[in-house]
Structures are given as structure tokens and as C-alpha cells.
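Colleague: Please see the structure below; I have some questions.
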Amino acid sequence: MSSGALAKPQMRGLLARRLRIHMVGAFILSIGAGAYYKFAVGDQRKKAYADFYRNYDSMKDFEEMRKAGIFQSAK
Amino acid sequence: MLARAPWSLVLRSRGLRTRGVHSPGGTAQAEDKMPPYINCYALRSYPMPEDPCCTELSAEQQALKEKEKGSWAQLTKAEKVALYRLQYNETFAEMNRRSNEWKTVMGGVFFFVGVTGLIIWWKRVYVFPEKPITLTDQWKAQQLQRILDMKGNPVQGLAARWDYDKKEWKK
């Protein structure tokens with residue numbers, strides 16, 4: 001019909017090529033998402049808790065709360 | 001049996017509709033794989049329709065069909081194109097062409113969201129009752145003060161962002 005007017009399109013291996021591209025992309029994205037979550041969320045949170053509890057005085061905390069008047073059993 | 005063309009096909013195919021609108025009794029034989037709407041229109045998901053597009057052939061078209069029964073190498077390029085047009089009423093490029101329908105859809109969506117917003121505004125002015133006491137500003141301030149006194153979420157949450165010495169939010 002249109003011999004020579006257009007280049008012959010890719011006829012074979014279309015699914016294989018698509019799978020290859022998407023498999024690579026899926027691996028990269030999932031590992032990237034996991035790594036990002038570990039560093040940005042997980043390690044950050046562990047650090048925040050460690051910093052909070054390093055110099056934490058629970059009795060002082062309790063006294064502040066008691067003075068603010070929130071307890072019913074310890075006025 | 002009349003052709004049941006969908007609205008979008010009727011509106012889109014302006015000139016091509018004049019050629020063939022029949023499904024001449026062929027539907028009874030093609031029951032195992034039902035076409036989307038009609039038997040002579042192709043879709044991207046249904047590329048080989050059951051019935052040819054033009055079934056009333058003129059004399060020269062019939063002669064062409066006879067020639068088609070022989071070897072296809074003897075057909076000229078123009079004849080091959082003519083045979084294609086007899087069989088299918090749109091090429092793949094024509095069938096898959098884009099449209100501007102999305103603009104209409106988005107416009108309609110935004111318009112109705114706007115109408116909904118106006119209706120809700122009217123309701124807020126004329127219909128809704130008074131807020132319950134727990135939603136007044138004074139109650140909410142006392143509630144927040146109590147949460148800060150209890151030191152809720154002191155590591156990463158609410159009380160962590162409150163400066164207890166200066167009695168204000170941390171910068």
C-alpha cells in the first residue's frame with residue numbers, strides 16, 4: 001500500500017521490550033522508595049527518639065504536669 | 001435490522017457515514033465474539049470488524065472484487081487502496097485520531113464543582129445551625145492548652161513543637 005513512504009515499524013519483540021523497560025523501572029523505583037523511606041523517615045525517627053530520651057527526666061516532667069493541674073489523683 | 005451506531009461515531013464520522021451503515025444480517029453468525037456496538041466499524045480494541053463497510057458495490061467495484069480473487073501482486077497501489085476503503089471505513093490513523101473531548105469534560109467538571117460550591121455557600125448562610133460548644137474558639141483554645149499540659153506527642157508531634165520556656169510555638 002505505502003511501500004517506501006514510511007519506515008517499517010518494529011514488528012517483533014514488543015512485549016519483551018516493554019517488560020524489560022518496566023522491570024528495570026519497577027526495581028529502581030521500589031528500591032529507591034524503600035531506601036528513601038528508611039533514611040528520611042525511619043532513621044530520622046530513631047534519631048528523634050534517641051535525642052529526646054538522652055537527657056529525659058521523668059520526675060521533672062511529672063512535676064510540670066502535676067502543676068498544670070491535669071491529674072485527678074495527684075494534685 | 002437497523003444499524004445501532006453510538007453517538008460519538010455518528011458525530012465524528014461526518015463524510016464517511018454516507019457510504020455504508022448496514023449490518024446486513026451478519027450479526028446472527030458472529031455471536032461468539034460480540035463487537036462493541038456495530039459490525040462494520042473498527043475500534044482500536046476491535047480492529048477487524050465482521051462486515052465490510054460498503055456492501056452495495058458499483059459495477060467497477062465489483063470488477064475490482066473479482067480481480068481481488070486472483071493474485072494480489074497484479075493489483076496496482078491505487079486498487080489496493082480502493083479495496084481497503086471498500087472493506088474498512090477508516091484507516092488506523094483516522095480511527096485513532098485525537099479529539100478535543102477532554103476540554104469539554106474538564107469544563108463541565110469545573111462548572112459543576114463551582115455550582116456545588118455556590119449551593120453549599122448558600123446553605124452555610126441560610127440552613128446550617130449554630131456550631132456545637134466544642135467547636136467554639138474558646139473551647140478549642142482550652143482544649144489545646146490541656147493537650148500541651150499533658151505533653152501529647154512530645155518527641156515528634158504537637159508538644160514537640162511548643163516551647164515550654166517561652167510559652168509559644170517553636171520557630
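Ordering of the C-alpha cells sets the chain letters (A, B, ...), residue numbers begin anew at 1 in every chain, and ligands are numbered from 1 in the order given.
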Using only C-alpha atoms, find the residues of chain A whose closest atom to chain B is at most 7 Å away, then write them as an MDAnalysis selection string.
Modeller: chainID A and resid 1 48:49 52 65 68 70
Colleague: If you keep N, CA and C atoms, can you produce a file of those selected residues as a compact mmCIF listing (two decimals), in the first residue's frame?
Modeller:
# COMPACT_ATOMS: atom_id res chain seq x y z
N MET A 1 0.82 -1.20 0.00
CA MET A 1 0.00 0.00 0.00
C MET A 1 0.86 1.26 0.00
N ALA A 48 15.31 11.05 66.47
CA ALA A 48 14.49 11.97 67.27
C ALA A 48 14.20 11.37 68.63
N TYR A 49 13.86 10.08 68.65
CA TYR A 49 13.57 9.45 69.94
C TYR A 49 14.82 9.35 70.80
N PHE A 52 15.51 12.67 72.30
CA PHE A 52 14.55 13.07 73.33
C PHE A 52 14.85 12.39 74.65
N MET A 65 3.61 18.45 84.84
CA MET A 65 2.23 18.09 84.50
C MET A 65 1.33 18.26 85.73
N ALA A 68 0.42 21.78 86.27
CA ALA A 68 -0.56 22.28 85.30
C ALA A 68 -1.97 21.86 85.62
N ILE A 70 -3.52 18.63 85.50
CA ILE A 70 -4.28 17.70 84.67
C ILE A 70 -4.58 16.40 85.39
Colleague: Run DSSP on the backbone and tell me which residues of segment 81-157 of chain B come out as helix (DSSP H, G or I); list them as a PyMOL selection string.
Modeller: chain B and resi 81-87+92-95+101-126+133-135+137-149
Colleague: Please provide as JSON, numbers by chain all residues within 9 Å of segment 92-107 of chain B, with the sequence filter that same-chain residues fewer than 6 positions apart are discarded (counting only C-alpha atoms).
Modeller: {"B": [42, 43, 44, 47]}
